[in-house]
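Read the structure below first, then the notes.
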Amino acid sequence: MGKARREKSIHEEDEAVKGNGNLIGWSFVSQDDPNSYTINLTAACTASGVARSTVRCYDTNDGTLKSVALLYGSISTASTSSTDEDEIS
């Protein structure tokens, strides 16, 4: 896939989500390791079903950025609560 085609694809995805006004978001800081902490930012569009999240990990001692992750996906509409009784007719 060429660079121009990749940029066009990304731009089209952004246009599909842009301007619908149905964004919800979360942010939080966590520290599972004494030597680092993470800042998590997540946003989801209920109209398009798109979710994006960034996770940034910093060193606790000097505050330097250790890693960054960008997550992108779709919101599932499937139920997460199921029991064996639900599967038996």
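Chain identifiers are assigned as A, B, and so on, following the order in which chains appear in the structure tokens; residues are numbered from 1 within each chain, and ligands are numbered from 1 in order of appearance.
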
Skip Arg52 of chain A itself and residues of its chain fewer than 4 positions away, then list as a short mmCIF file (atom, residue, chain, number, x, y, z; two decimals) with N, CA and C atoms, in the first residue's frame all residues within 10 Å of it, counting only C-alpha atoms.
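Generated output (selection14.cif):
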data_model
loop_
_atom_site.label_atom_id
_atom_site.label_comp_id
_atom_site.auth_asym_id
_atom_site.auth_seq_id
_atom_site.Cartn_x
_atom_site.Cartn_y
_atom_site.Cartn_z
N GLY A 25 -15.72 9.85 26.83
CA GLY A 25 -14.31 9.60 27.09
C GLY A 25 -14.01 9.33 28.54
N LEU A 41 -5.89 7.50 28.13
CA LEU A 41 -6.91 8.37 27.57
C LEU A 41 -7.71 7.55 26.57
N THR A 42 -9.02 7.51 26.72
CA THR A 42 -9.87 6.73 25.84
C THR A 42 -11.07 7.56 25.42
N ALA A 43 -11.45 7.45 24.16
CA ALA A 43 -12.64 8.11 23.65
C ALA A 43 -13.37 7.14 22.72
N ALA A 44 -14.70 7.23 22.74
CA ALA A 44 -15.51 6.37 21.88
C ALA A 44 -16.64 7.20 21.29
N CYS A 45 -16.99 6.91 20.06
CA CYS A 45 -18.10 7.57 19.38
C CYS A 45 -19.25 6.58 19.32
N LEU A 70 -1.06 3.26 20.86
CA LEU A 70 -2.30 3.78 20.30
C LEU A 70 -3.16 2.58 19.96
N LEU A 71 -4.35 2.54 20.51
CA LEU A 71 -5.27 1.44 20.27
C LEU A 71 -6.47 1.98 19.50
N TYR A 72 -6.95 1.22 18.54
CA TYR A 72 -8.03 1.65 17.67
C TYR A 72 -8.93 0.45 17.42
N GLY A 73 -10.22 0.62 17.56
CA GLY A 73 -11.11 -0.51 17.31
C GLY A 73 -12.56 -0.10 17.26
N SER A 74 -13.42 -1.10 17.26
CA SER A 74 -14.86 -0.91 17.19
C SER A 74 -15.50 -1.29 18.51
N ILE A 75 -16.58 -0.59 18.83
CA ILE A 75 -17.33 -0.90 20.03
C ILE A 75 -18.20 -2.11 19.75
#

Do you know which residues are at most 10 Å from segment 62-69 of chain A counting only C-alpha atoms, after dropping those on the same chain fewer than 5 positions away, and could you put them as a PyMOL selection string?
-> chain A and resi 35-40+53-57

What residues in segment 13-60 of chain A get the DSSP label alpha helix (DSSP H)? Please answer as a ChimeraX atom specification.
-> /A:13-17

Could you save the residues just selected, with all heavy atoms, as a PDB file, in the first residue's frame?
ATOM      1  N   GLU A  13     -11.414   7.675   7.170  1.00  0.00           N
ATOM      2  CA  GLU A  13     -11.881   7.196   8.464  1.00  0.00           C
ATOM      3  C   GLU A  13     -12.146   8.364   9.405  1.00  0.00           C
ATOM      4  O   GLU A  13     -13.148   8.397  10.100  1.00  0.00           O
ATOM      5  CB  GLU A  13     -10.860   6.252   9.092  1.00  0.00           C
ATOM      6  CG  GLU A  13     -10.758   4.918   8.399  1.00  0.00           C
ATOM      7  CD  GLU A  13      -9.638   4.058   8.959  1.00  0.00           C
ATOM      8  OE1 GLU A  13      -8.976   4.486   9.927  1.00  0.00           O
ATOM      9  OE2 GLU A  13      -9.428   2.969   8.427  1.00  0.00           O
ATOM     10  N   ASP A  14     -11.234   9.343   9.436  1.00  0.00           N
ATOM     11  CA  ASP A  14     -11.417  10.501  10.292  1.00  0.00           C
ATOM     12  C   ASP A  14     -12.662  11.285   9.900  1.00  0.00           C
ATOM     13  O   ASP A  14     -13.399  11.758  10.750  1.00  0.00           O
ATOM     14  CB  ASP A  14     -10.190  11.418  10.243  1.00  0.00           C
ATOM     15  CG  ASP A  14      -8.997  10.814  10.969  1.00  0.00           C
ATOM     16  OD1 ASP A  14      -9.199   9.871  11.751  1.00  0.00           O
ATOM     17  OD2 ASP A  14      -7.877  11.276  10.731  1.00  0.00           O
ATOM     18  N   GLU A  15     -12.928  11.453   8.613  1.00  0.00           N
ATOM     19  CA  GLU A  15     -14.108  12.176   8.151  1.00  0.00           C
ATOM     20  C   GLU A  15     -15.396  11.462   8.548  1.00  0.00           C
ATOM     21  O   GLU A  15     -16.395  12.092   8.857  1.00  0.00           O
ATOM     22  CB  GLU A  15     -14.070  12.373   6.634  1.00  0.00           C
ATOM     23  CG  GLU A  15     -13.049  13.411   6.183  1.00  0.00           C
ATOM     24  CD  GLU A  15     -13.337  14.793   6.745  1.00  0.00           C
ATOM     25  OE1 GLU A  15     -14.499  15.229   6.730  1.00  0.00           O
ATOM     26  OE2 GLU A  15     -12.380  15.433   7.219  1.00  0.00           O
ATOM     27  N   ALA A  16     -15.378  10.135   8.563  1.00  0.00           N
ATOM     28  CA  ALA A  16     -16.572   9.375   8.922  1.00  0.00           C
ATOM     29  C   ALA A  16     -16.947   9.583  10.385  1.00  0.00           C
ATOM     30  O   ALA A  16     -18.113   9.545  10.747  1.00  0.00           O
ATOM     31  CB  ALA A  16     -16.357   7.890   8.645  1.00  0.00           C
ATOM     32  N   VAL A  17     -15.966   9.838  11.246  1.00  0.00           N
ATOM     33  CA  VAL A  17     -16.209  10.013  12.673  1.00  0.00           C
ATOM     34  C   VAL A  17     -16.416  11.476  13.032  1.00  0.00           C
ATOM     35  O   VAL A  17     -17.120  11.812  13.958  1.00  0.00           O
ATOM     36  CB  VAL A  17     -15.017   9.441  13.482  1.00  0.00           C
ATOM     37  CG1 VAL A  17     -15.189   9.684  14.962  1.00  0.00           C
ATOM     38  CG2 VAL A  17     -14.848   7.959  13.194  1.00  0.00           C
TER      39      VAL A  17
END

Between atom CA of Thr60 of chain A and atom CA of Pro34 of chain A, what is the distance, to one decimal in Å?
-> 7.3 Å

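We find atom CA of Asp32 of chain A and atom CA of Ala51 of chain A to be spaced 24.1 Å apart.
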
Could you jot down the atom CA of Tyr58 of chain A to atom CA of Gln31 of chain A separation for me, Å, one decimal place?
->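 We find that atom CA of Tyr58 of chain A and atom CA of Gln31 of chain A lie 9.9 Å from each other.
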